[in-house]
Every structure is written in structure tokens, then in C-alpha cells.
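Have a look at the structure below, then the notes.
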Amino acid sequence: MNCNTQEEASSISTIELKALLEYDNIQLLDIRTPEEIELGFIDKAKFANFFDDDFVQQVSTKFDIEKPIYIYCRSGNRSVKASKLLIPKGYVVINVLGGFNKWKAEHK
């Protein structure tokens, strides 16, 4: 299924993500710090701190490389950087535009 040909991450809005979460069992990755996660997170997310030295290893133990990973951070910057680490490893990555800040503003 995974052709490993993705060169850069696709994107999805937080509204589109909310709809997906209601109907699909997607892989959702929160790459924020533990301190940021304490302020809230999106249900169904798994966590791997982008700043950890073993970030890619953490992702590989928690996620199926054969399925796309939806990834978010606080505002969207880190998720772009993280996708550049994960895509060369063979993951299909979809960035959540605006990150958790956007999610929180839209889904109170």
C-alpha cells in the first residue's frame, strides 16, 4: 500500500481532521512537549516529543508505517520539520494546519 514516494507532507485543516476522527481510526501524532500536552491535546493522539533525541525511534514503535500519520504540534512549524525526518524513513505524513492552537480555537 505504501509506495514510499512522498516527497513532502500533505496538509489537512483542523475541521477536516475532526471529521476524520469521528469516522476513521487514523494514526494521530502529537509532537509537542510534555508541558504543552498538559494544556490539552486531541483525543486519540499518541505522543512523541519532537525535541527528544530518539523522536524517529519513538514514532517507529508507536505507528504503522503502512498507514498515513496525521501530525500536529502547537502552531504547525514543528510538524513540517518532523515530516522532513519521517518521510525519508518511508512514512506518509499529513500535517494538521495551525496545529493545536487552531484546533483549540475551533473546537471549544
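The way I read the labels, and the way they are meant: chains A, B, ... in the order of the C-alpha cells, residue 1 as the first residue of every chain, and ligand 1 as the first ligand shown, with later ones counted on from there.
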Next on the checklist: Could you list, as a VMD selection string, every residue within 12 Å of Leu39 in chain A, counting only C-alpha atoms and ignoring same-chain residues fewer than 4 positions away?
Outcome noted: chain A and resid 32 to 35 74 100 to 101 104
Next on the checklist: What's around range 44-58 of chain A at 8 Å? Count only C-alpha atoms, leave out sequence neighbours fewer than 6 positions away in its own chain, and write the answer as an NGL selection string.
Outcome noted: :A and (27-34 or 78 or 82 or 85-86)
Output for the residues just chosen: all heavy atoms as a short mmCIF file (atom, residue, chain, number, x, y, z; two decimals), in the first residue's frame:
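Saved to again-v9.cif:
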```cif
data_model
loop_
_atom_site.label_atom_id
_atom_site.label_comp_id
_atom_site.auth_asym_id
_atom_site.auth_seq_id
_atom_site.Cartn_x
_atom_site.Cartn_y
_atom_site.Cartn_z
N GLN A 27 -4.15 7.36 12.45
CA GLN A 27 -2.97 7.50 13.29
C GLN A 27 -2.72 8.99 13.49
O GLN A 27 -2.41 9.70 12.53
CB GLN A 27 -1.75 6.86 12.64
CG GLN A 27 -1.89 5.37 12.40
CD GLN A 27 -0.57 4.73 12.02
OE1 GLN A 27 -0.03 3.94 12.77
NE2 GLN A 27 -0.05 5.07 10.85
N LEU A 28 -2.83 9.45 14.74
CA LEU A 28 -2.66 10.86 15.05
C LEU A 28 -1.48 11.03 15.99
O LEU A 28 -1.44 10.43 17.05
CB LEU A 28 -3.94 11.40 15.68
CG LEU A 28 -3.97 12.88 16.04
CD1 LEU A 28 -3.78 13.76 14.79
CD2 LEU A 28 -5.28 13.24 16.75
N LEU A 29 -0.53 11.86 15.58
CA LEU A 29 0.71 12.06 16.33
C LEU A 29 0.81 13.50 16.82
O LEU A 29 0.79 14.43 16.03
CB LEU A 29 1.92 11.74 15.44
CG LEU A 29 3.31 12.09 15.96
CD1 LEU A 29 3.60 11.40 17.28
CD2 LEU A 29 4.36 11.73 14.92
N ASP A 30 0.94 13.66 18.13
CA ASP A 30 1.16 14.95 18.78
C ASP A 30 2.64 15.01 19.11
O ASP A 30 3.15 14.19 19.86
CB ASP A 30 0.31 15.02 20.05
CG ASP A 30 0.40 16.35 20.77
OD1 ASP A 30 1.44 17.04 20.67
OD2 ASP A 30 -0.57 16.70 21.46
N ILE A 31 3.35 15.98 18.54
CA ILE A 31 4.81 16.04 18.73
C ILE A 31 5.23 17.16 19.68
O ILE A 31 6.39 17.54 19.72
CB ILE A 31 5.54 16.18 17.38
CG1 ILE A 31 5.17 17.49 16.68
CG2 ILE A 31 5.24 14.98 16.50
CD1 ILE A 31 6.10 17.83 15.53
N ARG A 32 4.28 17.66 20.46
CA ARG A 32 4.60 18.74 21.39
C ARG A 32 5.31 18.20 22.64
O ARG A 32 5.38 17.00 22.86
CB ARG A 32 3.32 19.47 21.79
CG ARG A 32 2.63 20.14 20.60
CD ARG A 32 1.30 20.74 20.97
NE ARG A 32 0.43 19.70 21.52
CZ ARG A 32 -0.45 19.92 22.50
NH1 ARG A 32 -0.61 21.11 23.02
NH2 ARG A 32 -1.21 18.92 22.95
N THR A 33 5.79 19.13 23.46
CA THR A 33 6.48 18.77 24.69
C THR A 33 5.47 18.33 25.74
O THR A 33 4.28 18.66 25.65
CB THR A 33 7.27 19.97 25.24
OG1 THR A 33 6.34 20.99 25.62
CG2 THR A 33 8.26 20.52 24.22
N PRO A 34 5.93 17.59 26.77
CA PRO A 34 5.02 17.19 27.85
C PRO A 34 4.33 18.39 28.50
O PRO A 34 3.15 18.31 28.87
CB PRO A 34 5.94 16.47 28.83
CG PRO A 34 7.03 15.92 27.97
CD PRO A 34 7.24 16.97 26.90
N ARG A 78 6.70 22.92 13.85
CA ARG A 78 7.44 21.70 14.18
C ARG A 78 6.97 20.52 13.34
O ARG A 78 7.77 19.65 12.99
CB ARG A 78 7.27 21.34 15.66
CG ARG A 78 8.38 21.83 16.53
CD ARG A 78 8.10 21.53 17.97
NE ARG A 78 7.10 22.47 18.44
CZ ARG A 78 6.53 22.44 19.63
NH1 ARG A 78 6.83 21.49 20.48
NH2 ARG A 78 5.65 23.34 19.98
N ALA A 82 9.21 17.87 11.47
CA ALA A 82 9.10 16.45 11.77
C ALA A 82 8.81 15.64 10.52
O ALA A 82 9.36 14.54 10.34
CB ALA A 82 8.02 16.21 12.81
N LEU A 85 11.78 14.61 8.67
CA LEU A 85 12.51 13.48 9.25
C LEU A 85 11.82 12.15 8.96
O LEU A 85 12.49 11.13 8.76
CB LEU A 85 12.62 13.65 10.78
CG LEU A 85 13.43 14.82 11.30
CD1 LEU A 85 13.33 14.90 12.82
CD2 LEU A 85 14.89 14.70 10.87
N LEU A 86 10.49 12.16 8.94
CA LEU A 86 9.74 10.91 8.82
C LEU A 86 9.54 10.45 7.38
O LEU A 86 9.57 9.25 7.11
CB LEU A 86 8.37 11.06 9.51
CG LEU A 86 8.44 11.30 11.02
CD1 LEU A 86 7.05 11.60 11.56
CD2 LEU A 86 9.05 10.12 11.73
#
```
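As for CA of Lys81 in chain A and CA of Glu38 in chain A, they are spaced 22.3 Å apart.
Scanning range 2-103 of chain A with DSSP on the backbone, the strand (DSSP E or B) assignments fall on Ser10, Ser11, Ile12, Gln27, Leu28, Leu29, Asp30, Ala45, Lys46, Phe47, Ile69, Tyr70, Ile71, Tyr72, Val93, Ile94, Asn95 and Val96 of chain A.
In this comparison, which uses only C-alpha atoms, the residue of A:Leu97, A:Ala105, A:Ala9, A:Leu17 approaching Ser75 in chain A most closely is A:Leu97.
The residue that comes closest to Ile94 in chain A, out of A:Lys62, A:Phe41, A:Ile69, A:Gly76 and on the basis of only C-alpha atoms, is A:Ile69.
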Checklist entry - What's the 12 Å shell around Glu106 in chain A, counting only C-alpha atoms, without same-chain residues fewer than 3 positions away, as a list in words? => result Ser13, Thr14, Ile15, Glu16, Leu17, Lys18, Gly98, Gly99, Phe100, Asn101, Lys102 and Trp103 of chain A
Checklist entry - Restricting the calculation to only C-alpha atoms, which member of A:Val59, A:Ile12, A:Ile65, A:Cys73 is positioned closest to Ile42 in chain A? => result A:Cys73
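Our summary of the geometry notes that CA of Val93 in chain A is positioned 7.0 Å from CA of Ile71 in chain A.
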